[in-house]
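Trainee: Sharing a structure, written as structure tokens. Questions coming.
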Amino acid sequence: MLRFVKGFAILLTVGITACNTVDPPNIIVILADDLGYGELSSYGSTELNTPGIDQLATDGIRFTQGYCTSATCTPSRYGILTGEYPWKNERARILRGDAPLILKPGMLTLPSILNEAGYTTAVIGKWHLGLGNGNVNWNERVSPGPAEVGFDYSYILAATQDRTPTVLLENQKVIGLSQNDPLEVSYKNNFEGEPTGKNNPEMLKMHPSHGHNQSITNGISRIGYQRGGKSAMWIDEDLADTFTNVAVNFIRENKENPFFIYFTLHQPHVPRTPHARFVGKSGMGPRGDVILEADWSVGKLIEAIEEEGLREKTLIVFSSDNGPVLDDGYHDQAVELIGDHNVLGALRGGKYSLFDGGTRVPFLVSWPGTIKPGVSEALVCQLDLAASIASLVGVEIGDGAPDSQDVMKALMGKAKSGRDELFVEAGSKVALRKGDWFYIPPYKGAAIHGSVNIESGCSTVDQLYSISKDIGQKNNLAKDYPEVLKEMKAYYAEHKKNPKK
Ligand code: NG6
Ligand code: CA
């Protein structure tokens, strides 16, 4: 399926620069977890100061209409790595910590494209795309996993910080495991004698507000059960330092050849556990503090790139896997201490929502010396990274990454527009952005997700919004523009197939 374009191969081997080809830059895709559109200073936040990430806005392009494909994590990440809409894959939904890998081994993926182009590829941070075949023995190498879908190196948190197993894996082996204390994981039943958040609240330093009352690690109860593996359990407060150090080392060790890092931050997803250095720094409690911690982490990566003299040879993309949420299951004062911080900017909705707040996210692309800094209104999606980067490095993807569009010109600031249309999803529900219009079909379901207090976007009637005139999606124009509505519905019916149930 992959075909390595000859010109680029020559370029690599002979080391000459063809006039219409670029030297392959290192590529780093940084993904925050649940960071909203309004949370960076560069996107208008007056309450949080994010100089680390903002460097990428200053020396790169800040996209105002950059999207992920889904308002939750697993499907959104599926979209980035495969270039396929997550609603086409029944299994691309929020996964348990013991779920099997939902990518097919050997399939074309963003890292496999770069592998083909001679890059050394790594994923460092949160994975949440499943591991193994469904019956994992955590005490052996877990396979298939990142290596089987194009990553040469992996250092990952298996699912989410709030799900078992609460261990890290390096190259698909649990780190720090002792043979005498094997790790077992279950999402059905607790293991006999093991404490839980539900039965042993006295052991908790952070209490759940909904769910999250099963196995306890480090004074925090999670979703899912586990037993054993005590020597391998992570300390939440150290995760940021660990992932940052691993990424910095990877950069230093691979500086001679092109590399790709998919650096997936675990912040500000729950449980929010800032290192002591960041506690109290935001004035917003743990949620704000971990955003500052994530910002530090990104700053450290950029610093390492600069120290190695690689800044002009490195393309960095920063984005978020879905929109923001305040109370996502723990009492951590995210709601109480939010003050004037506007997580959404002018958008409506948030994580889990069909409205723009679910999927319109910070989106920065920086490559000093090659990309001229600026602000772009082009419609671009993380889904497009696969085809765009393939075109940049000269790999033909044939019928792989089927929904990914080559928008490299827009990403480089050389075109004002990106893609013309985009389907976004929340759970099993899908909406359509086309041109300036945003269409949400009628859906049954509560208008507000009760536990998180976020508008779902569900309504029993058709919804049609003009994004340029109504960024907050307040005025439903379905009745005023029957012709547009008809066109949107027709396009939707024609292209949105294989629905998830
Ligand atoms: C939800 C969890 C939420 C979060 C989410 C996944 C409960 C009550 N809520 O089911 O806390 O873990 O799944 O988030 O358990 S995501 O960003 O990884 O998609
Ligand atoms: Ca997420």
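Residues in the structure tokens are named by chain (A, B, ... in the order shown) and by number from 1 within that chain; ligands are numbered from 1 in the order shown.
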Sorted by chain and rising residue number, which residues of segment 354-451 of chain A lie within 12 Å of segment 94-98 of chain A, and what are their closest atom pairs and distances in Å to one decimal, counting only C-alpha atoms, as a tab-separated table?
Mentor:
```
residue	atom	partner	partner_atom	distance
A:Ala426	CA	A:Ile94	CA	10.7
A:Gly427	CA	A:Ile94	CA	8.5
A:Ser428	CA	A:Ile94	CA	10.9
```
Trainee: Within 6 Å of ligand 2, counting only C-alpha atoms and all ligand atoms, which protein or nucleic acid residues do you find, written as a PDB file with all heavy atoms, in the first residue's frame?
Mentor:
```
ATOM      1  N   ASP A  33      -4.920  16.379  26.623  1.00  0.00           N
ATOM      2  CA  ASP A  33      -6.083  15.527  26.892  1.00  0.00           C
ATOM      3  C   ASP A  33      -7.183  16.359  27.561  1.00  0.00           C
ATOM      4  O   ASP A  33      -7.060  16.734  28.728  1.00  0.00           O
ATOM      5  CB  ASP A  33      -5.621  14.388  27.828  1.00  0.00           C
ATOM      6  CG  ASP A  33      -6.620  13.260  27.923  1.00  0.00           C
ATOM      7  OD1 ASP A  33      -7.685  13.364  27.307  1.00  0.00           O
ATOM      8  OD2 ASP A  33      -6.325  12.279  28.624  1.00  0.00           O
ATOM      9  N   ASP A  34      -8.206  16.706  26.806  1.00  0.00           N
ATOM     10  CA  ASP A  34      -9.360  17.477  27.319  1.00  0.00           C
ATOM     11  C   ASP A  34      -9.052  18.968  27.505  1.00  0.00           C
ATOM     12  O   ASP A  34      -9.639  19.615  28.380  1.00  0.00           O
ATOM     13  CB  ASP A  34      -9.881  16.951  28.679  1.00  0.00           C
ATOM     14  CG  ASP A  34     -10.352  15.511  28.671  1.00  0.00           C
ATOM     15  OD1 ASP A  34     -10.283  14.854  27.610  1.00  0.00           O
ATOM     16  OD2 ASP A  34     -10.786  15.041  29.740  1.00  0.00           O
ATOM     17  N   THR A  72     -14.567  12.706  22.313  1.00  0.00           N
ATOM     18  CA  THR A  72     -13.905  11.890  23.340  1.00  0.00           C
ATOM     19  C   THR A  72     -12.618  11.299  22.775  1.00  0.00           C
ATOM     20  O   THR A  72     -12.374  11.319  21.570  1.00  0.00           O
ATOM     21  CB  THR A  72     -14.801  10.757  23.879  1.00  0.00           C
ATOM     22  OG1 THR A  72     -15.239   9.970  22.783  1.00  0.00           O
ATOM     23  CG2 THR A  72     -15.976  11.296  24.675  1.00  0.00           C
ATOM     24  N   CYS A  73     -11.869  10.731  23.716  1.00  0.00           N
ATOM     25  CA  CYS A  73     -10.466  10.432  23.475  1.00  0.00           C
ATOM     26  C   CYS A  73     -10.166   9.315  22.468  1.00  0.00           C
ATOM     27  O   CYS A  73      -9.508   9.545  21.451  1.00  0.00           O
ATOM     28  CB  CYS A  73      -9.894  10.092  24.836  1.00  0.00           C
ATOM     29  SG  CYS A  73      -8.247   9.527  24.836  1.00  0.00           S
ATOM     30  N   ASP A 321      -7.175  16.417  22.263  1.00  0.00           N
ATOM     31  CA  ASP A 321      -7.938  15.282  21.728  1.00  0.00           C
ATOM     32  C   ASP A 321      -9.444  15.482  21.757  1.00  0.00           C
ATOM     33  O   ASP A 321     -10.182  14.801  21.057  1.00  0.00           O
ATOM     34  CB  ASP A 321      -7.571  13.979  22.451  1.00  0.00           C
ATOM     35  CG  ASP A 321      -8.086  13.927  23.880  1.00  0.00           C
ATOM     36  OD1 ASP A 321      -8.304  14.998  24.495  1.00  0.00           O
ATOM     37  OD2 ASP A 321      -8.266  12.818  24.399  1.00  0.00           O
ATOM     38  N   ASN A 322      -9.906  16.412  22.577  1.00  0.00           N
ATOM     39  CA  ASN A 322     -11.337  16.748  22.627  1.00  0.00           C
ATOM     40  C   ASN A 322     -11.489  17.983  23.503  1.00  0.00           C
ATOM     41  O   ASN A 322     -10.532  18.433  24.124  1.00  0.00           O
ATOM     42  CB  ASN A 322     -12.204  15.581  23.143  1.00  0.00           C
ATOM     43  CG  ASN A 322     -11.740  14.987  24.455  1.00  0.00           C
ATOM     44  OD1 ASN A 322     -11.220  13.885  24.502  1.00  0.00           O
ATOM     45  ND2 ASN A 322     -11.895  15.722  25.534  1.00  0.00           N
TER      46      ASN A 322
END
```
Trainee: Can I get the residues of chain A within 9 Å of ligand 1, each with the closest pair of atoms and their distance in Å to one decimal, using only C-alpha atoms and all ligand atoms, sorted chain first then ascending number, as a Markdown table?
Mentor:
```
| residue | atom | partner | partner_atom_place_in_ligand_line | distance |
| --- | --- | --- | --- | --- |
| A:Asp33 | CA | ligand 1 | 17 (O) | 6.1 |
| A:Asp34 | CA | ligand 1 | 17 (O) | 5.9 |
| A:Ala71 | CA | ligand 1 | 19 (O) | 7.5 |
| A:Thr72 | CA | ligand 1 | 19 (O) | 3.9 |
| A:Cys73 | CA | ligand 1 | 19 (O) | 3.5 |
| A:Thr74 | CA | ligand 1 | 19 (O) | 5.9 |
| A:Pro75 | CA | ligand 1 | 19 (O) | 8.0 |
| A:Ser76 | CA | ligand 1 | 19 (O) | 8.4 |
| A:Arg93 | CA | ligand 1 | 19 (O) | 8.1 |
| A:Ile94 | CA | ligand 1 | 19 (O) | 5.4 |
| A:Leu95 | CA | ligand 1 | 18 (O) | 7.9 |
| A:Arg96 | CA | ligand 1 | 13 (O) | 8.9 |
| A:His128 | CA | ligand 1 | 18 (O) | 7.1 |
| A:Ala159 | CA | ligand 1 | 18 (O) | 7.6 |
| A:Thr160 | CA | ligand 1 | 18 (O) | 5.9 |
| A:Gln161 | CA | ligand 1 | 12 (O) | 7.9 |
| A:Asp162 | CA | ligand 1 | 12 (O) | 6.0 |
| A:Arg163 | CA | ligand 1 | 12 (O) | 7.3 |
| A:Pro208 | CA | ligand 1 | 8 (C) | 8.9 |
| A:Ser209 | CA | ligand 1 | 8 (C) | 8.2 |
| A:His210 | CA | ligand 1 | 8 (C) | 5.1 |
| A:Gly211 | CA | ligand 1 | 8 (C) | 4.3 |
| A:His212 | CA | ligand 1 | 15 (O) | 5.8 |
| A:Arg222 | CA | ligand 1 | 15 (O) | 8.5 |
| A:Ile223 | CA | ligand 1 | 15 (O) | 6.4 |
| A:His269 | CA | ligand 1 | 17 (O) | 6.4 |
| A:Val270 | CA | ligand 1 | 11 (O) | 6.3 |
| A:Pro271 | CA | ligand 1 | 11 (O) | 8.2 |
| A:Asp321 | CA | ligand 1 | 17 (O) | 7.3 |
| A:Asn322 | CA | ligand 1 | 17 (O) | 6.9 |
| A:Gly323 | CA | ligand 1 | 17 (O) | 8.8 |
| A:Asp327 | CA | ligand 1 | 11 (O) | 8.4 |
| A:Asp328 | CA | ligand 1 | 11 (O) | 4.7 |
| A:Gly329 | CA | ligand 1 | 11 (O) | 5.0 |
| A:Tyr330 | CA | ligand 1 | 11 (O) | 8.0 |
| A:Lys351 | CA | ligand 1 | 17 (O) | 7.9 |
| A:Tyr352 | CA | ligand 1 | 19 (O) | 8.2 |
| A:Ser451 | CA | ligand 1 | 8 (C) | 7.5 |
| A:Val452 | CA | ligand 1 | 8 (C) | 8.7 |
```
Trainee: Could you check which of A:Leu379, A:Leu364, A:Ala294, A:Val279 is closest to Leu35 of chain A, using only C-alpha atoms?
Mentor: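 For Leu35 of chain A, the nearest of the given residues is A:Ala294.
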Trainee: Just checking: using only C-alpha atoms, which residue out of A:Leu292, A:Gly394, A:Gly145, A:Gly400 ends up closest to Gly118 of chain A?
Mentor: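 Between A:Leu292, A:Gly394, A:Gly145, A:Gly400, the residue approaching Gly118 of chain A most closely is A:Gly394.
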Trainee: Would you mind writing down, as an NGL selection string, each residue of segment 25-171 of chain A that DSSP on the backbone assigns to strand (DSSP E)?
Mentor: :A and (26-32 or 60-63 or 66-67 or 120-126 or 153-157 or 168-170)
Trainee: Between atom CA of Ser231 of chain A and atom CA of Asn218 of chain A, what is the distance in Å, rounded to a tenth?
Mentor: 12.0 Å
Trainee: Quick check for you: according to DSSP on this backbone, which residues of segment 256-394 of chain A are classed as alpha helix (DSSP H)? Reply as a PyMOL selection string.
Mentor: chain A and resi 286-307+356-359+385-393
Trainee: Using only C-alpha atoms, which residue out of A:Trp296, A:Gln65, A:Ala232, A:Val248 lies closest to Arg433 of chain A?
Mentor: A:Gln65
Trainee: So that I can see what lies close to Pro25 of chain A, please list as a ChimeraX atom specification the residues with an atom at most 10 Å from it, counting only C-alpha atoms and leaving out residues fewer than 6 positions away in the same chain.
Mentor: /A:119,257-260,310-316,367,392-393
Trainee: Taking 3 positions as the minimum chain separation for residues in the same chain, which residues sit within 10 Å of Val142 of chain A when counting only C-alpha atoms? Answer as a ChimeraX atom specification.
Mentor: /A:131-133,135-139,145-146,169,171-174
Trainee: In Å, rounded to a single decimal, give me how far atom CA of His495 of chain A is from atom CA of Thr109 of chain A.
Mentor: 22.5 Å
Trainee: Residues within 9 Å of His207 of chain A, please, as a list in words. Count only C-alpha atoms; anything in the same chain fewer than 2 positions from it doesn't count.
Mentor: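 Neighbouring residues, sequence-local ones excluded: Gly197, Pro201, Leu204, Lys205, Ser209, His212, Asn213, Gly219, Ile220, Ser221, Gly329, Tyr330, His331 and Asp332 of chain A.
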Trainee: I need the residues from that last selection saved to file as an mmCIF file, in the first residue's frame (with all heavy atoms), if you can.
Mentor:
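The resulting file, out.cif, is reproduced below:
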```cif
data_model
loop_
_atom_site.group_PDB
_atom_site.id
_atom_site.type_symbol
_atom_site.label_atom_id
_atom_site.label_comp_id
_atom_site.auth_asym_id
_atom_site.auth_seq_id
_atom_site.Cartn_x
_atom_site.Cartn_y
_atom_site.Cartn_z
ATOM 1 N N GLY A 197 -12.366 2.378 46.324
ATOM 2 C CA GLY A 197 -12.791 3.717 46.735
ATOM 3 C C GLY A 197 -14.160 3.676 47.391
ATOM 4 O O GLY A 197 -14.456 4.447 48.296
ATOM 5 N N PRO A 201 -13.174 4.654 51.621
ATOM 6 C CA PRO A 201 -12.937 6.082 51.340
ATOM 7 C C PRO A 201 -11.865 6.693 52.247
ATOM 8 O O PRO A 201 -11.239 7.686 51.880
ATOM 9 C CB PRO A 201 -14.307 6.736 51.595
ATOM 10 C CG PRO A 201 -15.099 5.740 52.377
ATOM 11 C CD PRO A 201 -14.565 4.391 52.023
ATOM 12 N N LEU A 204 -8.491 7.436 50.673
ATOM 13 C CA LEU A 204 -8.402 8.325 49.504
ATOM 14 C C LEU A 204 -7.910 9.724 49.849
ATOM 15 O O LEU A 204 -8.310 10.301 50.858
ATOM 16 C CB LEU A 204 -9.779 8.437 48.839
ATOM 17 C CG LEU A 204 -10.392 7.129 48.350
ATOM 18 C CD1 LEU A 204 -11.750 7.406 47.695
ATOM 19 C CD2 LEU A 204 -9.461 6.427 47.364
ATOM 20 N N LYS A 205 -7.055 10.242 48.942
ATOM 21 C CA LYS A 205 -6.692 11.658 49.072
ATOM 22 C C LYS A 205 -7.496 12.516 48.092
ATOM 23 O O LYS A 205 -7.532 13.733 48.214
ATOM 24 C CB LYS A 205 -5.191 11.859 48.876
ATOM 25 C CG LYS A 205 -4.649 11.468 47.511
ATOM 26 C CD LYS A 205 -3.141 11.660 47.460
ATOM 27 C CE LYS A 205 -2.578 11.208 46.137
ATOM 28 N NZ LYS A 205 -1.121 11.149 46.123
ATOM 29 N N SER A 209 -16.492 11.996 42.327
ATOM 30 C CA SER A 209 -17.814 12.638 42.342
ATOM 31 C C SER A 209 -18.815 11.782 41.579
ATOM 32 O O SER A 209 -19.997 11.790 41.871
ATOM 33 C CB SER A 209 -17.742 14.040 41.723
ATOM 34 O OG SER A 209 -17.262 13.969 40.395
ATOM 35 N N HIS A 212 -15.483 6.067 39.193
ATOM 36 C CA HIS A 212 -14.124 6.145 39.768
ATOM 37 C C HIS A 212 -13.996 5.669 41.215
ATOM 38 O O HIS A 212 -13.190 6.198 41.974
ATOM 39 C CB HIS A 212 -13.604 7.599 39.693
ATOM 40 C CG HIS A 212 -13.595 8.165 38.305
ATOM 41 N ND1 HIS A 212 -14.595 8.957 37.827
ATOM 42 C CD2 HIS A 212 -12.705 8.039 37.298
ATOM 43 C CE1 HIS A 212 -14.334 9.308 36.584
ATOM 44 N NE2 HIS A 212 -13.184 8.751 36.229
ATOM 45 N N ASN A 213 -14.769 4.654 41.590
ATOM 46 C CA ASN A 213 -14.718 4.229 42.995
ATOM 47 C C ASN A 213 -14.253 2.782 43.128
ATOM 48 O O ASN A 213 -14.615 2.088 44.060
ATOM 49 C CB ASN A 213 -16.085 4.425 43.669
ATOM 50 C CG ASN A 213 -17.171 3.615 42.981
ATOM 51 O OD1 ASN A 213 -16.892 2.868 42.038
ATOM 52 N ND2 ASN A 213 -18.393 3.736 43.456
ATOM 53 N N GLY A 219 -3.665 6.596 46.682
ATOM 54 C CA GLY A 219 -4.719 7.372 47.348
ATOM 55 C C GLY A 219 -5.812 7.889 46.423
ATOM 56 O O GLY A 219 -6.587 8.770 46.789
ATOM 57 N N ILE A 220 -5.878 7.328 45.212
ATOM 58 C CA ILE A 220 -6.896 7.764 44.236
ATOM 59 C C ILE A 220 -7.587 6.526 43.674
ATOM 60 O O ILE A 220 -6.918 5.612 43.166
ATOM 61 C CB ILE A 220 -6.253 8.565 43.078
ATOM 62 C CG1 ILE A 220 -5.484 9.767 43.618
ATOM 63 C CG2 ILE A 220 -7.318 9.003 42.078
ATOM 64 C CD1 ILE A 220 -4.587 10.446 42.599
ATOM 65 N N SER A 221 -8.912 6.480 43.782
ATOM 66 C CA SER A 221 -9.620 5.309 43.232
ATOM 67 C C SER A 221 -9.904 5.528 41.748
ATOM 68 O O SER A 221 -10.030 6.659 41.277
ATOM 69 C CB SER A 221 -10.888 5.026 44.023
ATOM 70 O OG SER A 221 -11.656 6.200 44.177
ATOM 71 N N GLY A 329 -15.513 13.583 37.237
ATOM 72 C CA GLY A 329 -15.584 12.386 38.063
ATOM 73 C C GLY A 329 -14.848 12.423 39.394
ATOM 74 O O GLY A 329 -14.903 11.454 40.146
ATOM 75 N N TYR A 330 -14.151 13.530 39.700
ATOM 76 C CA TYR A 330 -13.506 13.648 41.013
ATOM 77 C C TYR A 330 -13.812 15.013 41.615
ATOM 78 O O TYR A 330 -13.949 15.998 40.881
ATOM 79 C CB TYR A 330 -11.975 13.522 40.900
ATOM 80 C CG TYR A 330 -11.477 12.154 40.502
ATOM 81 C CD1 TYR A 330 -11.246 11.852 39.163
ATOM 82 C CD2 TYR A 330 -11.218 11.170 41.455
ATOM 83 C CE1 TYR A 330 -10.781 10.599 38.783
ATOM 84 C CE2 TYR A 330 -10.746 9.913 41.087
ATOM 85 C CZ TYR A 330 -10.530 9.632 39.751
ATOM 86 O OH TYR A 330 -10.064 8.406 39.380
ATOM 87 N N HIS A 331 -13.885 15.057 42.938
ATOM 88 C CA HIS A 331 -14.018 16.337 43.634
ATOM 89 C C HIS A 331 -12.644 16.990 43.674
ATOM 90 O O HIS A 331 -11.833 16.689 44.536
ATOM 91 C CB HIS A 331 -14.515 16.117 45.069
ATOM 92 C CG HIS A 331 -15.925 15.626 45.134
ATOM 93 N ND1 HIS A 331 -16.999 16.399 44.753
ATOM 94 C CD2 HIS A 331 -16.438 14.442 45.533
ATOM 95 C CE1 HIS A 331 -18.121 15.707 44.913
ATOM 96 N NE2 HIS A 331 -17.803 14.515 45.370
ATOM 97 N N ASP A 332 -12.358 17.847 42.695
ATOM 98 C CA ASP A 332 -11.040 18.500 42.683
ATOM 99 C C ASP A 332 -11.170 20.017 42.546
ATOM 100 O O ASP A 332 -10.218 20.692 42.154
ATOM 101 C CB ASP A 332 -10.164 17.921 41.562
ATOM 102 C CG ASP A 332 -10.749 18.164 40.180
ATOM 103 O OD1 ASP A 332 -11.800 18.848 40.079
ATOM 104 O OD2 ASP A 332 -10.178 17.685 39.178
#
```
Trainee: Using only C-alpha atoms, determine which residues lie at most 7 Å from Val317 of chain A, disregarding the query and same-chain residues fewer than 2 positions distant; provide the list as a VMD selection string.
Mentor: chain A and resid 28 to 30 315 319 364 to 366
Trainee: Let me see the file: selected residues, C-alpha atoms, as a PDB file, in the first residue's frame.
Mentor:
```
ATOM      1  CA  ILE A  28       6.403  16.156  16.873  1.00  0.00           C
ATOM      2  CA  VAL A  29       2.652  15.913  17.346  1.00  0.00           C
ATOM      3  CA  ILE A  30       1.726  17.006  20.856  1.00  0.00           C
ATOM      4  CA  LEU A 315       7.796  20.674  12.662  1.00  0.00           C
ATOM      5  CA  SER A 319      -3.609  20.225  19.668  1.00  0.00           C
ATOM      6  CA  LEU A 364      -0.826  25.154  16.340  1.00  0.00           C
ATOM      7  CA  VAL A 365       1.693  24.322  13.646  1.00  0.00           C
ATOM      8  CA  SER A 366       5.237  25.584  13.908  1.00  0.00           C
TER       9      SER A 366
END
```
Trainee: Please provide as a PyMOL selection string all residues within 10 Å of Phe278 of chain A, with the sequence filter that same-chain residues fewer than 6 positions apart are discarded (counting only C-alpha atoms).
Mentor: chain A and resi 237+285-286+288-293+296
Trainee: For the selection you just gave me, I'd like the residues written to a file as a CSV table (one decimal), in the first residue's frame, keeping all heavy atoms.
Mentor:
```
chain,number,residue,atom,x,y,z
A,237,GLU,N,1.8,12.1,40.5
A,237,GLU,CA,2.4,13.4,40.5
A,237,GLU,C,3.7,13.4,39.8
A,237,GLU,O,4.3,14.4,39.5
A,237,GLU,CB,2.7,13.8,42.0
A,237,GLU,CG,1.4,14.1,42.8
A,237,GLU,CD,0.7,12.8,43.3
A,237,GLU,OE1,1.1,11.7,43.0
A,237,GLU,OE2,-0.4,13.0,44.0
A,285,GLY,N,-6.9,25.6,41.4
A,285,GLY,CA,-6.9,24.2,41.9
A,285,GLY,C,-6.2,23.3,40.9
A,285,GLY,O,-5.6,23.8,39.9
A,286,PRO,N,-6.3,22.0,41.1
A,286,PRO,CA,-5.5,21.0,40.3
A,286,PRO,C,-5.7,21.1,38.8
A,286,PRO,O,-4.8,21.0,38.0
A,286,PRO,CB,-6.1,19.7,40.8
A,286,PRO,CG,-6.6,19.9,42.2
A,286,PRO,CD,-7.1,21.3,42.2
A,288,GLY,N,-6.3,23.8,36.8
A,288,GLY,CA,-5.4,24.8,36.3
A,288,GLY,C,-4.0,24.5,36.5
A,288,GLY,O,-3.1,24.7,35.6
A,289,ASP,N,-3.6,23.9,37.6
A,289,ASP,CA,-2.2,23.6,37.9
A,289,ASP,C,-1.7,22.6,36.9
A,289,ASP,O,-0.5,22.7,36.5
A,289,ASP,CB,-2.1,23.0,39.3
A,289,ASP,CG,-2.4,24.1,40.4
A,289,ASP,OD1,-2.5,25.3,40.1
A,289,ASP,OD2,-2.6,23.6,41.6
A,290,VAL,N,-2.4,21.6,36.5
A,290,VAL,CA,-1.9,20.6,35.6
A,290,VAL,C,-1.8,21.2,34.2
A,290,VAL,O,-1.0,20.7,33.4
A,290,VAL,CB,-2.7,19.3,35.6
A,290,VAL,CG1,-2.6,18.6,36.9
A,290,VAL,CG2,-4.1,19.4,35.0
A,291,ILE,N,-2.6,22.2,33.9
A,291,ILE,CA,-2.4,22.9,32.5
A,291,ILE,C,-1.0,23.6,32.5
A,291,ILE,O,-0.3,23.5,31.6
A,291,ILE,CB,-3.6,23.8,32.2
A,291,ILE,CG1,-4.9,23.0,32.0
A,291,ILE,CG2,-3.3,24.6,30.9
A,291,ILE,CD1,-6.1,23.8,31.8
A,292,LEU,N,-0.7,24.2,33.6
A,292,LEU,CA,0.6,24.9,33.7
A,292,LEU,C,1.7,23.8,33.7
A,292,LEU,O,2.8,24.1,33.1
A,292,LEU,CB,0.7,25.7,35.0
A,292,LEU,CG,-0.3,26.8,35.1
A,292,LEU,CD1,-0.1,27.7,36.4
A,292,LEU,CD2,-0.4,27.7,33.9
A,293,GLU,N,1.5,22.7,34.3
A,293,GLU,CA,2.5,21.6,34.3
A,293,GLU,C,2.7,21.1,32.8
A,293,GLU,O,3.8,20.9,32.4
A,293,GLU,CB,2.0,20.4,35.2
A,293,GLU,CG,2.9,19.3,35.3
A,293,GLU,CD,2.2,18.1,36.1
A,293,GLU,OE1,1.2,17.6,35.6
A,293,GLU,OE2,2.7,17.8,37.1
A,296,TRP,N,4.7,23.6,30.9
A,296,TRP,CA,6.1,23.4,31.3
A,296,TRP,C,6.7,22.3,30.5
A,296,TRP,O,7.8,22.4,29.9
A,296,TRP,CB,6.2,23.1,32.8
A,296,TRP,CG,7.6,22.6,33.2
A,296,TRP,CD1,8.7,23.3,33.4
A,296,TRP,CD2,7.9,21.2,33.3
A,296,TRP,NE1,9.7,22.4,33.7
A,296,TRP,CE2,9.3,21.1,33.6
A,296,TRP,CE3,7.2,20.0,33.1
A,296,TRP,CZ2,9.9,19.9,33.8
A,296,TRP,CZ3,7.9,18.8,33.3
A,296,TRP,CH2,9.2,18.8,33.7
```
Trainee: Just the number, please: distance in Å from atom CA of Glu84 of chain A to atom CA of Glu116 of chain A, one decimal.
Mentor: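 Interatomic distance here is 19.2 Å.
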Trainee: With only C-alpha atoms as the basis for distance, which of A:Lys188, A:Arg419, A:Arg348, A:Lys281 is at the shortest distance from Asp470 of chain A?
Mentor: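 Comparing A:Lys188, A:Arg419, A:Arg348, A:Lys281 against Asp470 of chain A, the winner is A:Arg348.
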Trainee: Using only C-alpha atoms, find the one residue out of A:Glu308, A:Lys198, A:Glu425, A:Leu168 that sits nearest to Gly229 of chain A.
Mentor: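 Once distances to Gly229 of chain A are computed over only C-alpha atoms, the minimum belongs to A:Leu168.
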